[in-house]
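Structure data follow from start.pdb (PDB, C-alpha atoms):
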```pdb
ATOM      1  CA  MET A   1     215.381 132.261 149.680
ATOM      2  CA  ASN A   2     215.505 132.358 153.474
ATOM      3  CA  ILE A   3     211.775 133.095 153.650
ATOM      4  CA  LEU A   4     211.089 129.983 151.543
ATOM      5  CA  TYR A   5     213.191 127.857 153.893
ATOM      6  CA  VAL A   6     211.288 129.186 156.911
ATOM      7  CA  CYS A   7     207.967 128.423 155.193
ATOM      8  CA  VAL A   8     209.094 124.868 154.408
ATOM      9  CA  ILE A   9     210.159 124.293 158.019
ATOM     10  CA  THR A  10     206.811 125.643 159.254
ATOM     11  CA  VAL A  11     204.857 123.257 157.022
ATOM     12  CA  LEU A  12     207.002 120.368 158.228
ATOM     13  CA  LEU A  13     206.362 121.318 161.865
ATOM     14  CA  LEU A  14     202.616 121.277 161.149
ATOM     15  CA  CYS A  15     203.091 117.753 159.753
ATOM     16  CA  LEU A  16     204.749 116.833 163.060
ATOM     17  CA  VAL A  17     201.599 118.011 164.844
ATOM     18  CA  GLY A  18     199.590 115.674 162.584
ATOM     19  CA  GLY A  19     201.842 112.837 163.687
ATOM     20  CA  PHE A  20     201.095 113.685 167.311
ATOM     21  CA  ILE A  21     197.376 113.364 166.534
ATOM     22  CA  ARG A  22     198.014 109.812 165.326
ATOM     23  CA  VAL A  23     199.983 109.092 168.521
ATOM     24  CA  LEU A  24     196.996 110.234 170.586
ATOM     25  CA  LEU A  25     194.392 108.370 168.489
ATOM     26  CA  GLY A  26     196.475 105.284 167.668
ATOM     27  CA  PRO A  27     194.634 102.134 168.749
ATOM     28  CA  ASP A  28     197.823 100.146 169.392
ATOM     29  CA  ASN A  29     201.578 100.489 169.543
ATOM     30  CA  SER A  30     202.230  99.698 165.864
ATOM     31  CA  ASN A  31     200.351 102.827 164.839
ATOM     32  CA  ARG A  32     202.363 104.874 167.294
ATOM     33  CA  MET A  33     205.584 103.464 165.848
ATOM     34  CA  LEU A  34     204.404 104.600 162.422
ATOM     35  CA  ALA A  35     204.142 108.099 163.860
ATOM     36  CA  SER A  36     207.686 107.787 165.168
ATOM     37  CA  GLN A  37     208.792 106.822 161.671
ATOM     38  CA  LEU A  38     207.146 110.025 160.446
ATOM     39  CA  PHE A  39     208.975 112.014 163.138
ATOM     40  CA  GLY A  40     212.282 110.552 161.962
ATOM     41  CA  THR A  41     211.724 111.484 158.332
ATOM     42  CA  ILE A  42     210.439 114.970 159.121
ATOM     43  CA  GLY A  43     213.238 115.574 161.623
ATOM     44  CA  VAL A  44     215.856 114.699 159.012
ATOM     45  CA  THR A  45     214.207 117.013 156.488
ATOM     46  CA  ILE A  46     213.987 119.895 158.963
ATOM     47  CA  VAL A  47     217.669 119.540 159.849
ATOM     48  CA  VAL A  48     218.656 119.434 156.165
ATOM     49  CA  VAL A  49     216.700 122.614 155.406
ATOM     50  CA  LEU A  50     218.076 124.221 158.577
ATOM     51  CA  ALA A  51     221.611 123.543 157.311
ATOM     52  CA  PHE A  52     220.857 125.768 154.331
ATOM     53  CA  LEU A  53     219.009 128.366 156.385
ATOM     54  CA  GLN A  54     221.959 128.800 158.742
ATOM     55  CA  ASP A  55     224.546 128.083 156.026
ATOM     56  CA  ASN A  56     226.130 125.503 158.317
ATOM     57  CA  GLU A  57     227.494 122.362 156.705
ATOM     58  CA  VAL A  58     227.815 120.454 159.984
ATOM     59  CA  LEU A  59     224.032 120.023 160.291
ATOM     60  CA  VAL A  60     224.004 117.644 157.313
ATOM     61  CA  ASN A  61     226.145 115.254 159.365
ATOM     62  CA  VAL A  62     223.564 115.541 162.142
ATOM     63  CA  ALA A  63     220.863 114.593 159.619
ATOM     64  CA  LEU A  64     222.800 111.447 158.684
ATOM     65  CA  ILE A  65     222.956 110.390 162.344
ATOM     66  CA  ILE A  66     219.262 111.120 162.954
ATOM     67  CA  THR A  67     218.450 108.843 159.998
ATOM     68  CA  LEU A  68     220.358 105.975 161.595
ATOM     69  CA  LEU A  69     218.857 106.535 165.058
ATOM     70  CA  ALA A  70     215.291 106.678 163.702
ATOM     71  CA  SER A  71     215.659 103.234 162.158
ATOM     72  CA  ILE A  72     217.296 101.846 165.309
ATOM     73  CA  THR A  73     214.355 102.971 167.483
ATOM     74  CA  VAL A  74     211.887 101.095 165.271
ATOM     75  CA  ILE A  75     214.018  97.944 165.280
ATOM     76  CA  ALA A  76     214.443  98.093 169.076
ATOM     77  CA  PHE A  77     210.693  98.529 169.589
ATOM     78  CA  LEU A  78     209.848  95.554 167.361
ATOM     79  CA  LYS A  79     212.435  93.373 169.101
ATOM     80  CA  LEU A  80     210.867  94.307 172.446
ATOM     81  CA  ALA A  81     207.347  93.627 171.128
ATOM     82  CA  GLU A  82     208.346  90.164 169.873
ATOM     83  CA  GLN A  83     209.925  89.304 173.227
ATOM     84  CA  SER A  84     206.904  90.470 175.216
ATOM     85  CA  ASP A  85     204.600  88.509 172.867
ATOM     86  CA  SER A  86     206.579  85.299 173.342
ATOM     87  CA  VAL A  87     206.669  85.841 177.131
ATOM     88  CA  SER A  88     202.887  86.308 177.281
ATOM     89  CA  ASP A  89     202.420  83.211 175.083
ATOM     90  CA  ASP A  90     204.531  81.165 177.494
ATOM     91  CA  ALA A  91     202.514  82.483 180.420
ATOM     92  CA  GLU A  92     199.268  81.433 178.701
ATOM     93  CA  ARG A  93     200.598  77.944 178.014
ATOM     94  CA  MET A  94     201.608  77.508 181.633
TER      95      MET A  94
ATOM     96  CA  MET B   1     217.574 132.799 138.545
ATOM     97  CA  LEU B   2     216.446 129.635 136.775
ATOM     98  CA  LEU B   3     218.088 127.515 139.475
ATOM     99  CA  ASN B   4     216.261 129.486 142.164
ATOM    100  CA  ALA B   5     212.934 128.846 140.419
ATOM    101  CA  PHE B   6     213.809 125.140 140.230
ATOM    102  CA  THR B   7     214.570 125.125 143.973
ATOM    103  CA  ILE B   8     211.293 126.855 144.821
ATOM    104  CA  ILE B   9     209.209 124.437 142.756
ATOM    105  CA  MET B  10     210.946 121.350 144.144
ATOM    106  CA  LEU B  11     210.683 122.508 147.779
ATOM    107  CA  LEU B  12     206.973 123.243 147.406
ATOM    108  CA  LEU B  13     206.379 119.859 145.752
ATOM    109  CA  GLY B  14     208.262 118.157 148.582
ATOM    110  CA  CYS B  15     206.124 119.961 151.155
ATOM    111  CA  PHE B  16     203.005 118.819 149.297
ATOM    112  CA  PHE B  17     204.095 115.187 149.499
ATOM    113  CA  PHE B  18     204.878 115.507 153.214
ATOM    114  CA  VAL B  19     201.425 116.956 153.870
ATOM    115  CA  ALA B  20     199.851 114.177 151.798
ATOM    116  CA  GLY B  21     201.703 111.549 153.822
ATOM    117  CA  THR B  22     200.612 113.071 157.113
ATOM    118  CA  VAL B  23     196.981 113.272 155.996
ATOM    119  CA  GLY B  24     197.202 109.630 154.957
ATOM    120  CA  LEU B  25     198.636 108.693 158.337
ATOM    121  CA  ILE B  26     195.709 110.377 160.085
ATOM    122  CA  ARG B  27     192.873 109.379 157.760
ATOM    123  CA  PHE B  28     193.592 105.831 156.566
ATOM    124  CA  PRO B  29     191.813 102.997 158.388
ATOM    125  CA  ASP B  30     194.481 100.282 158.671
ATOM    126  CA  VAL B  31     198.122  99.868 159.674
ATOM    127  CA  PHE B  32     199.063  98.612 156.209
ATOM    128  CA  CYS B  33     197.304 101.505 154.463
ATOM    129  CA  ARG B  34     199.064 103.939 156.764
ATOM    130  CA  LEU B  35     202.432 102.318 156.023
ATOM    131  CA  HIS B  36     201.722 102.644 152.314
ATOM    132  CA  ALA B  37     200.869 106.341 152.661
ATOM    133  CA  LEU B  38     203.731 107.126 155.000
ATOM    134  CA  THR B  39     206.778 105.461 153.444
ATOM    135  CA  LYS B  40     206.217 106.278 149.797
ATOM    136  CA  SER B  41     205.115 109.875 150.056
ATOM    137  CA  ASP B  42     207.580 110.850 152.790
ATOM    138  CA  ASN B  43     210.594 109.404 151.011
ATOM    139  CA  LEU B  44     209.486 111.097 147.802
ATOM    140  CA  GLY B  45     209.054 114.372 149.698
ATOM    141  CA  LEU B  46     212.555 114.193 151.158
ATOM    142  CA  GLY B  47     213.944 113.247 147.734
ATOM    143  CA  LEU B  48     212.307 116.247 146.070
ATOM    144  CA  ILE B  49     213.535 118.598 148.806
ATOM    145  CA  VAL B  50     217.087 117.232 148.482
ATOM    146  CA  ILE B  51     216.978 117.601 144.679
ATOM    147  CA  GLY B  52     215.669 121.127 145.112
ATOM    148  CA  LEU B  53     218.436 122.042 147.560
ATOM    149  CA  LEU B  54     221.247 120.581 145.412
ATOM    150  CA  PRO B  55     221.654 123.710 143.194
ATOM    151  CA  GLN B  56     222.073 125.847 146.336
ATOM    152  CA  THR B  57     225.116 123.945 147.621
ATOM    153  CA  ASN B  58     228.490 125.664 147.726
ATOM    154  CA  THR B  59     230.786 122.665 147.990
ATOM    155  CA  LEU B  60     230.803 119.228 146.412
ATOM    156  CA  SER B  61     231.042 117.435 149.759
ATOM    157  CA  MET B  62     227.774 118.978 150.917
ATOM    158  CA  ALA B  63     225.994 117.821 147.747
ATOM    159  CA  ILE B  64     227.321 114.285 148.186
ATOM    160  CA  LYS B  65     226.223 114.242 151.824
ATOM    161  CA  LEU B  66     222.729 115.410 150.885
ATOM    162  CA  VAL B  67     222.331 112.582 148.391
ATOM    163  CA  LEU B  68     223.738 110.185 151.006
ATOM    164  CA  VAL B  69     221.096 111.311 153.517
ATOM    165  CA  TRP B  70     218.355 110.502 151.023
ATOM    166  CA  LEU B  71     219.786 107.098 150.059
ATOM    167  CA  LEU B  72     220.310 106.123 153.706
ATOM    168  CA  LEU B  73     216.759 107.140 154.585
ATOM    169  CA  LEU B  74     215.394 105.123 151.655
ATOM    170  CA  ILE B  75     217.214 101.995 152.853
ATOM    171  CA  THR B  76     216.450 102.343 156.572
ATOM    172  CA  SER B  77     212.804 103.314 156.183
ATOM    173  CA  ALA B  78     212.197 100.450 153.766
ATOM    174  CA  ALA B  79     213.729  98.017 156.245
ATOM    175  CA  SER B  80     211.905  99.329 159.306
ATOM    176  CA  CYS B  81     208.545  99.558 157.514
ATOM    177  CA  HIS B  82     208.926  95.977 156.353
ATOM    178  CA  LEU B  83     209.590  94.981 159.977
ATOM    179  CA  ILE B  84     206.496  96.848 161.227
ATOM    180  CA  ALA B  85     204.339  95.213 158.538
ATOM    181  CA  ARG B  86     205.704  91.751 159.377
ATOM    182  CA  ASN B  87     205.022  92.256 163.085
ATOM    183  CA  GLU B  88     201.457  93.395 162.403
ATOM    184  CA  TYR B  89     200.860  90.517 159.947
ATOM    185  CA  LYS B  90     202.062  87.957 162.492
ATOM    186  CA  LYS B  91     199.804  89.483 165.155
ATOM    187  CA  GLN B  92     196.743  89.344 162.896
ATOM    188  CA  MET B  93     197.518  85.763 161.852
ATOM    189  CA  GLN B  94     197.680  84.749 165.517
ATOM    190  CA  ILE B  95     194.306  86.368 166.183
ATOM    191  CA  THR B  96     192.635  84.661 163.193
ATOM    192  CA  SER B  97     194.129  81.248 164.061
ATOM    193  CA  LEU B  98     192.786  81.628 167.618
ATOM    194  CA  GLU B  99     189.353  82.422 166.180
ATOM    195  CA  ILE B 100     189.366  79.441 163.810
ATOM    196  CA  LYS B 101     190.391  76.809 166.338
ATOM    197  CA  PRO B 102     187.128  76.707 168.383
ATOM    198  CA  GLN B 103     185.083  76.323 165.179
ATOM    199  CA  GLU B 104     187.142  73.289 164.143
ATOM    200  CA  ASN B 105     186.488  71.712 167.527
ATOM    201  CA  ASN B 106     182.776  72.303 167.094
ATOM    202  CA  ASN B 107     182.843  70.559 163.721
ATOM    203  CA  ASP B 108     184.580  67.536 165.252
ATOM    204  CA  ARG B 109     181.873  67.195 167.824
TER     205      ARG B 109
END
```
Show how you would write the structure in this file as structure tokens.
Amino acid sequence: MNILYVCVITVLLLCLVGGFIRVLLGPDNSNRMLASQLFGTIGVTIVVVLAFLQDNEVLVNVALIITLLASITVIAFLKLAEQSDSVSDDAERM
Amino acid sequence: MLLNAFTIIMLLLGCFFFVAGTVGLIRFPDVFCRLHALTKSDNLGLGLIVIGLLPQTNTLSMAIKLVLVWLLLLITSAASCHLIARNEYKKQMQITSLEIKPQENNNDR
């Protein structure tokens, strides 16, 4: 079973590399935030599988917290983007 | 033995959906298409992996926490993806309205 868990984690890490490709290519910041969403989901999955690989129940709590933080990063980025958009609009009007 | 086979199949299926989501994120042409590929397939992948890991749990609390992780990720990723799509939609509407305005002025003249 442990070999299967290691294989799953390896595949997920390769998916993370794919997300990095989108970060490098991404034409604007929205695409990069999509990649960060991917990192959040894959990070949670890796930690959940790692909890079984190490037989450590505490890591599932860590996965819960990573889920919350991943959503908070996206919300904070969008709030910042809206503010910067409105500031630039005001500057254009002036 | 049967439970182990179930776990193996579910974990491999989950990995397949994760790979599909990543390929969609890289290959699709638009932000909305990428959102569509990313949210659905990744949440399904995590759900399959959680279902596959459930028979391997020792305690009930761990099983409940695993299901909680999946439900929480479903809610938060749906909310944040909706926010990203709304932001992108607003941006594109601004661009198109800026493009339309000069044409209207030309028609008036």
(message) Using all atoms listed in the file, I'd like every residue of chain B that has an atom within 7 Å of chain A; please write them out as a PyMOL selection string.
(response) chain B and resi 15+19+22+26+31+42+46+62+65-66+69+73+76-77+80+84
Given the selection you just returned, output its residues as a file containing C-alpha atoms, formatted as a tab-separated table (two decimals), keeping the file's coordinate frame.
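Everything below was put into again_25.tsv:
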```
chain	number	residue	atom	x	y	z
B	15	CYS	CA	206.12	119.96	151.16
B	19	VAL	CA	201.42	116.96	153.87
B	22	THR	CA	200.61	113.07	157.11
B	26	ILE	CA	195.71	110.38	160.08
B	31	VAL	CA	198.12	99.87	159.67
B	42	ASP	CA	207.58	110.85	152.79
B	46	LEU	CA	212.56	114.19	151.16
B	62	MET	CA	227.77	118.98	150.92
B	65	LYS	CA	226.22	114.24	151.82
B	66	LEU	CA	222.73	115.41	150.88
B	69	VAL	CA	221.10	111.31	153.52
B	73	LEU	CA	216.76	107.14	154.58
B	76	THR	CA	216.45	102.34	156.57
B	77	SER	CA	212.80	103.31	156.18
B	80	SER	CA	211.90	99.33	159.31
B	84	ILE	CA	206.50	96.85	161.23
```
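Using all atoms listed in the file, the nearest neighbour of Cys81 of chain B within the list A:Leu13, A:Leu59, A:Asn2, A:Ser36 is A:Ser36.
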(message) Could you tell me how far atom CA of Leu53 of chain B sits from atom CA of Leu71 of chain B, in Å to one decimal place?
(response) 15.2 Å
(request) Have a look at atom CA of Thr57 of chain B and atom CA of Asn43 of chain B and let me know their distance in Å, one decimal. (result) 20.8 Å
(request) Could you please determine the separation between atom CA of Ile9 of chain B and atom CA of Ile75 of chain B in Å, to one decimal place? (result)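 Straight-line distance from atom CA of Ile9 of chain B to atom CA of Ile75 of chain B works out to 25.9 Å.
When all atoms listed in the file are used to compute distances to Arg86 of chain B, the closest of the residues B:Ile49, B:Leu68, B:Ala20, B:Leu35 turns out to be B:Leu35.
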(request) Counting all atoms listed in the file, figure out which residue out of A:Gln54, A:Val6, A:Val47, A:Phe39 gets nearest to Leu38 of chain B. (result)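 Under the stated criterion, the closest residue is A:Phe39.
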(message) Expand the PyMOL selection byres ((chain B and resi 44) around 10) into the explicit residue set it covers here, and present it as a list in words.
(response)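 So the PyMOL selection byres ((chain B and resi 44) around 10) ends up selecting Leu13, Gly14, Phe17, Phe18, Gly21, Thr39, Lys40, Ser41, Asp42, Asn43, Gly45, Leu46, Gly47, Leu48, Ile49, Val50, Trp70 and Leu74 of chain B.
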